[in-house]
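Student: I'd like to ask some things about the structure below.
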Amino acid sequence: MPTASTSEQRRQHSTSGSEDRERPPGTENSSAWAWVKELASRLGTRTSWILFVMLLGGVVVVPICIYFSRAFDNGGSSIRDMLDTPGFAQTLMTTLFFAAASTFVAAVIAVIMAALIMRVEPRWRGVASFIPQLPLVVPPLALVYGFIFLFAPRTGYANAFLRGLPFVDDNGEGPLNIYSMTGMVLIQGLEAAAIMFAMVYARMQEISGSLVAAARMSGAGAFRAFYTVTLPLLRPALVSAIVVAFLLGLGSFTAPLLLGSPEGIHVITTEVFRVREQFPIDYGLTAAFGLPLLVVGIASIVVQRVVIGDQRRYTTHSTGRGMHTGASFWALMAVVGYGVVTVLLPLLAVVVVAFSPYWTGDLSSVTFTLGNFEAVFSNRKVPKAITTSLVTSVLALVIVLPLAFISALALAKVVKVPRFVQVALDYIFIAPLAVPRAMLGMVVLFVFIRPPFSLYGSLALFVIGYAFIVLPFSMRSQLASLIGVHGSLFEAARISGASQSRMVLDIALPLARRGIAASMAIGFILLAHDFAVAVMVRSPGNQVMGTLLYELGETGAFPEIAVMSMLITAVTATGLAITVWLGGRKSLENL
Amino acid sequence: MRTNNETTRPTHPMSIADRNPTSTSALLRGVGKSFISKNQTVDALTDINLEIGQGEYVVIVGPSGCGKSTLLRCIAGLESPTSGTIELQGQTVADPQHGINTKVNKRNVGMVFQNYALWPHMSIEENVAYPLKQRGIAKRERQKLVHEVLSALECEKLASRLPAELSGGQQQRVALARALVYKPGILLLDEPLSNLDALLRVSLRTELLRIHRSIGYTGLHITHDQEEALEMGDRVVLMREGAIEQMGRPADVYAHPVSPYAARFLGVRNRIDVRANLGRLEHASGIVGGSGELLGASPNGSEHELFVRPRDSRIGRGPAPSGVGTDISLNGTLTQLVLGEGGRRQYVVDVGGNLWFAQHADTDDLSPGDDVHIRVPRNLSLLYHGERLVRQQAGDASKREAREAVSTVEAGK
């Protein structure tokens, strides 16, 4: 297309404007939108996209690079410091072991759960499949404290109960101790299992149908069919899920901090936290600590991309209905039992402690009091923290969702963009995933508290940190829903006379609604979950619910900790419920 | 330019043909499209020359991958040709050499997609009104036009429903309504009947034809179904690997497929390799009786392919009687009796190793294993030498037109 001079373009634009009357009266709400359009048409589509990519890249990728390059300052002095840190090798080993062990646990749980759920009656399957994913919905802080209340060596309720059993020694302690590597591995394994299950189960449903039926009709028993047909076909999803779980394990912060640190078990993220809590913060050192994690993160993403390819190849159609497998009542019971032990019990423990004057671990003398609730609610910091949590989360979503939508349009090829723009956007949105959450917090802290931003002490740090967390997931679910729409629907709009932007507003946006709702739901969950980022960017007077809970934890006021945990869970659940109500039940399936 | 039988001009309110009846609706000159895929240049279109007159209904037919979709999308503006020019209503909309590429939404074409592409979140009324909204037409006028087109297509009752609530045939009509509501210069139909089951397809063919005749729009319809093409088109264009293989009126194309490819595609099912020898045609295990005049001037020893339609084939008991007059004949063995389409019997005959189908028989009293012969009227037999149709002695000039790859607008008759 020949490049017309600006005056000609302007003339064209103004005449077409009067002829087309593109925006129906009443929607002139966005003069900002009109300004963007005008700018875009002046610059031409290509340039606009390039600018968009540069802006986004500048805000997302550049800070990450700036922060990690600090490790190499002064000829890598920080790296030397890191290597000189006493016990560093031990810390590294611990981190790797912890990640590997929790991944293993998670994989075993996920596969068993998936297999069990396929044996549950179809009627209950929907509900049953939600159970292994519950840990995703419950804020990890609440969950960890719940397990602490259950399995703390002296005062844990479960331990007290076990000690009462005839064949268990009663020496006032144990038999189980949550403050241990085992405890850490199991808790992290549970969290990771939830995500692994989600990834594996979706794939399993796709392949289960006629393929397994064919195996069964050829004479294979249920287990054999699973082992020889389903499992091999699951391999890519399984590998993908394992990589994700391993990355999560490497970057895990909450469980190691609460369960490991008191016992002197350190992982890289807790070391970073330790350095961060000292003044002045040696950013170079933290960056150096984070380097191994970053490298592994990038490597796994690259490997995953190469081996599995990008998402566009996975618009699948169901392979037809499978046979009605003999439904097993015990399978359902097993799944429910799992849910009870892993989620219900800890939450119950939290509730019990919340209503008790002290946490004594003595099941026989449980008295109920509302005193803890009074104490918490009379604390002025609490409503402030809740509001801060909500406001910053919403702001982060408000910023991220449109950016993700625009990028999803480009990646789903709903609008035509130059190839390199697609590639760039792809990597921009995946970049935050390579960085463990704890390090993301440090990135935000480092880059945005100094000029030209100087945001120390401001809530903006939370917003930015949250935006980083939510970015990849937000884009992914919107992309998934846009890809699911047949291209002809967009082409038909263009042929009917709609300009590119009208087509996006009238057709793409409404049809992407489900994806947008899903990203909101994911966003909410991620943000309610977050502890690592918040705790890194916090400053005195700026608290979110998670950091407030952490401070309470430092004081050891367990009943109040319990109350706060319940509060966080309640707020998260409400937010999630509202999102699901807005987006429809289906929006959860898109997770 | 209308070549159908109507002599009266339609007075339908939706009538488009009132506009400038003798002008050209679309003109393609030397249109080509190639792209690079995996370090290889793929020519999706090569040197397409096509002129579509106002009110004409042209059907482009060909197997998957022949380029018909690409051609349609180039006209629509969804893809850009790499060479040649495209003009719509006298305006050049695509000319890569001079950097002209009118945007999709400015070309004033209508399009019916294979999957109808109705927007699921809008009602039928909103779907059909959408193009009018884009043109800034006021609400009252919009409603009037939408109502007009919906009644022309007998869908007014569906106005407030959602696309998901409609059947395939209804959706197709709504898609048509949406494409016609703004009276486009040309209506493009991308395999509009392919998504429907067989019965519906046949009945909707007639529907579409009727609608075209009453409204008079210019239509370019692509399909892979040769029966559909022959039934619906004023003109049929057969494509092969990106180029036009044959173009002409349905009757002409049907009677004289220009090459073995065309013959195969147009349903001429019976085929056998033959050779000219001593003034007649011979095949692997016999001679083709009465084939002397079919040969024309073909030299002795030259190789040919003989194509014949099952419906033109009649079998009789025993070897062919000599002196069959206007027919050619081949001897063979009856292998099967099957029930073909429409409930008629089809006879499957082994002729020199080739399976031939015949739809008529001298007698009902035939069973598999019998020696039979097949007779076909000579003037309905198609003989090809390489890619060329061998003309019979009585060939007339008008039949030669069908071989031209470049179209000419037929003078009104």
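Labels for the structure tokens follow display order: chains A, B, ..., residues from 1 in each chain, ligands from 1.
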Quick one: residues within 10 Å of stretch 368-374 of chain A, only C-alpha atoms counted, chain neighbours fewer than 6 positions away excluded, as an NGL selection string?
Tutor: :A and (352-358 or 557-564 or 567)
Student: Dump as a PyMOL selection string the residues of chain B that approach chain A to within 7 Å, counting only C-alpha atoms.
Tutor: chain B and resi 99-101+104-106+109-110+117-119+131+134-136
Student: Let's have the selection written as a CSV table (one decimal), in the first residue's frame, with C-alpha atoms.
Tutor:
```csv
chain,number,residue,atom,x,y,z
B,99,GLY,CA,0.1,-0.9,-5.0
B,100,ILE,CA,-3.6,-0.8,-5.1
B,101,ASN,CA,-5.4,-3.0,-2.6
B,104,VAL,CA,-12.1,-5.6,2.6
B,105,ASN,CA,-14.8,-3.5,4.0
B,106,LYS,CA,-14.7,-1.0,1.2
B,109,VAL,CA,-19.1,-7.4,-2.0
B,110,GLY,CA,-21.4,-9.7,-0.2
B,117,ALA,CA,-20.6,-17.2,10.0
B,118,LEU,CA,-23.6,-15.8,11.7
B,119,TRP,CA,-22.7,-14.0,14.9
B,131,PRO,CA,-23.8,-4.1,7.3
B,134,GLN,CA,-21.6,0.1,9.1
B,135,ARG,CA,-22.9,2.2,6.3
B,136,GLY,CA,-24.4,4.7,8.6
```
Student: Could you please determine the separation between atom CA of A:Val537 and atom CA of A:Met54 in Å, to one decimal place?
Tutor: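 Between these atoms lies a distance of 25.6 Å.
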Student: Please, which residues of stretch 223-383 of chain B, numbered as in this document, come out helix (DSSP H, G or I) from DSSP, as a ChimeraX atom specification?
Tutor: /B:226-232,250-255,260-265,292-295,310-312,341-343,378-380
Student: Save out the residues we just selected, C-alpha atoms, as a PDB file, in the first residue's frame.
Tutor:
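Wrote part.pdb, looks like this:
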```pdb
ATOM      1  CA  GLN B 226     -20.157 -30.866 -10.317  1.00  0.00           C
ATOM      2  CA  GLU B 227     -23.857 -31.602 -10.313  1.00  0.00           C
ATOM      3  CA  GLU B 228     -24.478 -28.456  -8.333  1.00  0.00           C
ATOM      4  CA  ALA B 229     -22.358 -26.493 -10.770  1.00  0.00           C
ATOM      5  CA  LEU B 230     -24.116 -27.756 -13.851  1.00  0.00           C
ATOM      6  CA  GLU B 231     -27.538 -27.216 -12.368  1.00  0.00           C
ATOM      7  CA  MET B 232     -27.027 -23.728 -11.031  1.00  0.00           C
ATOM      8  CA  PRO B 250     -23.301 -25.869 -18.451  1.00  0.00           C
ATOM      9  CA  ALA B 251     -24.636 -27.735 -21.473  1.00  0.00           C
ATOM     10  CA  ASP B 252     -21.465 -27.163 -23.441  1.00  0.00           C
ATOM     11  CA  VAL B 253     -19.156 -28.058 -20.626  1.00  0.00           C
ATOM     12  CA  TYR B 254     -21.213 -31.104 -19.871  1.00  0.00           C
ATOM     13  CA  ALA B 255     -21.221 -32.295 -23.463  1.00  0.00           C
ATOM     14  CA  PRO B 260      -9.452 -36.082 -19.286  1.00  0.00           C
ATOM     15  CA  TYR B 261      -9.251 -34.145 -16.019  1.00  0.00           C
ATOM     16  CA  ALA B 262     -12.412 -32.281 -16.910  1.00  0.00           C
ATOM     17  CA  ALA B 263     -14.116 -35.471 -17.996  1.00  0.00           C
ATOM     18  CA  ARG B 264     -13.225 -37.214 -14.745  1.00  0.00           C
ATOM     19  CA  PHE B 265     -14.366 -34.318 -12.664  1.00  0.00           C
ATOM     20  CA  GLY B 292     -13.837 -45.574 -37.196  1.00  0.00           C
ATOM     21  CA  GLU B 293     -15.538 -42.210 -37.423  1.00  0.00           C
ATOM     22  CA  LEU B 294     -14.563 -41.357 -33.860  1.00  0.00           C
ATOM     23  CA  LEU B 295     -10.897 -41.451 -34.780  1.00  0.00           C
ATOM     24  CA  PRO B 310     -22.875 -44.497 -17.497  1.00  0.00           C
ATOM     25  CA  ARG B 311     -26.191 -42.919 -18.348  1.00  0.00           C
ATOM     26  CA  ASP B 312     -25.282 -42.998 -22.030  1.00  0.00           C
ATOM     27  CA  GLU B 341     -28.891 -43.487  -7.385  1.00  0.00           C
ATOM     28  CA  GLY B 342     -32.543 -42.867  -7.787  1.00  0.00           C
ATOM     29  CA  GLY B 343     -33.242 -46.573  -7.472  1.00  0.00           C
ATOM     30  CA  ARG B 378     -20.916 -42.115 -30.962  1.00  0.00           C
ATOM     31  CA  ASN B 379     -21.672 -38.438 -30.543  1.00  0.00           C
ATOM     32  CA  LEU B 380     -21.750 -38.886 -26.782  1.00  0.00           C
TER      33      LEU B 380
END
```
Student: Report, in Å to a single decimal, how far apart atom CA of A:Ala198 and atom CA of A:Ala114 are.
Tutor: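 It comes out at 9.1 Å.
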Student: With only C-alpha atoms as the basis for distance, which of A:Val60, A:Ala99, A:Val571, A:Leu291 is at the shortest distance from A:Ile79?
Tutor: A:Leu291
Student: Sort by chain and increasing residue number a table of all residues of stretch 236-260 of chain A within 8 Å of stretch 264-277 of chain A, each with its closest pair of atoms and their distance in Å to one decimal, counting only C-alpha atoms, and write it as CSV.
Tutor:
```
residue,atom,partner,partner_atom,distance
A:Gly251,CA,A:Thr269,CA,6.5
A:Ser252,CA,A:Thr269,CA,7.1
A:Phe253,CA,A:Thr269,CA,5.9
A:Pro256,CA,A:Val267,CA,7.0
A:Leu257,CA,A:Thr270,CA,6.0
A:Gly260,CA,A:Ile265,CA,4.6
```
Student: I need the residues from that last selection saved to file as a PDB file, in the first residue's frame (with N, CA and C atoms), if you can.
Tutor:
```
ATOM      1  N   GLY A 251      10.668 -22.143  42.891  1.00  0.00           N
ATOM      2  CA  GLY A 251      10.352 -20.783  43.304  1.00  0.00           C
ATOM      3  C   GLY A 251       9.454 -20.720  44.520  1.00  0.00           C
ATOM      4  N   SER A 252       9.140 -21.868  45.095  1.00  0.00           N
ATOM      5  CA  SER A 252       8.209 -21.906  46.219  1.00  0.00           C
ATOM      6  C   SER A 252       8.759 -21.105  47.396  1.00  0.00           C
ATOM      7  N   PHE A 253       7.884 -20.398  48.045  1.00  0.00           N
ATOM      8  CA  PHE A 253       8.337 -19.494  49.091  1.00  0.00           C
ATOM      9  C   PHE A 253       7.590 -19.696  50.404  1.00  0.00           C
ATOM     10  N   PRO A 256       8.382 -23.154  52.420  1.00  0.00           N
ATOM     11  CA  PRO A 256       9.729 -23.146  52.992  1.00  0.00           C
ATOM     12  C   PRO A 256       9.906 -22.093  54.084  1.00  0.00           C
ATOM     13  N   LEU A 257       9.295 -20.924  53.895  1.00  0.00           N
ATOM     14  CA  LEU A 257       9.477 -19.864  54.873  1.00  0.00           C
ATOM     15  C   LEU A 257       8.864 -20.237  56.211  1.00  0.00           C
ATOM     16  N   GLY A 260      10.234 -24.409  56.910  1.00  0.00           N
ATOM     17  CA  GLY A 260      11.630 -24.792  56.849  1.00  0.00           C
ATOM     18  C   GLY A 260      12.544 -23.892  57.650  1.00  0.00           C
TER      19      GLY A 260
END
```
Student: Neighbouring residues of stretch 307-309 of chain B were defined as those with any atom within 7 Å, considering only C-alpha atoms; residues of the same chain fewer than 2 positions away were excluded. Please report them as a PyMOL selection string.
Tutor: chain B and resi 268-272+305+311-313+381-383
Student: List as a list in words the protein and nucleic acid residues near B:Asp365, meaning an atom at most 12 Å away when only C-alpha atoms are counted, but skip any in the same chain fewer than 5 places from it.
Tutor: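 Final neighbour list, sorted by chain and number: Ile315, Gly316, Arg317, Leu334, Leu337, Asp370 and Val372 of chain B.
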Student: Counting only C-alpha atoms, which of B:Phe35, B:Tyr347, B:Phe113, B:Tyr217 gets nearest to B:Ala76?
Tutor: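 Smallest separation from B:Ala76 among the options: B:Phe113.
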Student: Between atom CA of A:Gly515 and atom CA of A:Ala202, what is the spacing in Å?
Tutor: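 Separation of atom CA of A:Ala202 and atom CA of A:Gly515: 16.5 Å.
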Student: Need to verify the contact set: stretch 444-458 of chain A, 10 Å, only C-alpha atoms, exclusion of same-chain residues closer than 5 positions in sequence. Can you return it as a list in words?
Tutor: Val60, Val62, Pro63, Ile64, Ile66, Tyr67, Arg70, Ile281, Tyr283, Gly284, Ala287, Met439, Val463, Ile464, Gly465, Tyr466, Phe468, Val533, Met536, Val537, Arg538, Ser539, Pro540, Gly541 and Asn542 of chain A
Student: Would you mind writing down, as a ChimeraX atom specification, each residue of stretch 52-115 of chain B that DSSP on the backbone assigns to strand (DSSP E)?
Tutor: /B:52-53,57-61,83-88,91-95,100-101,109-112
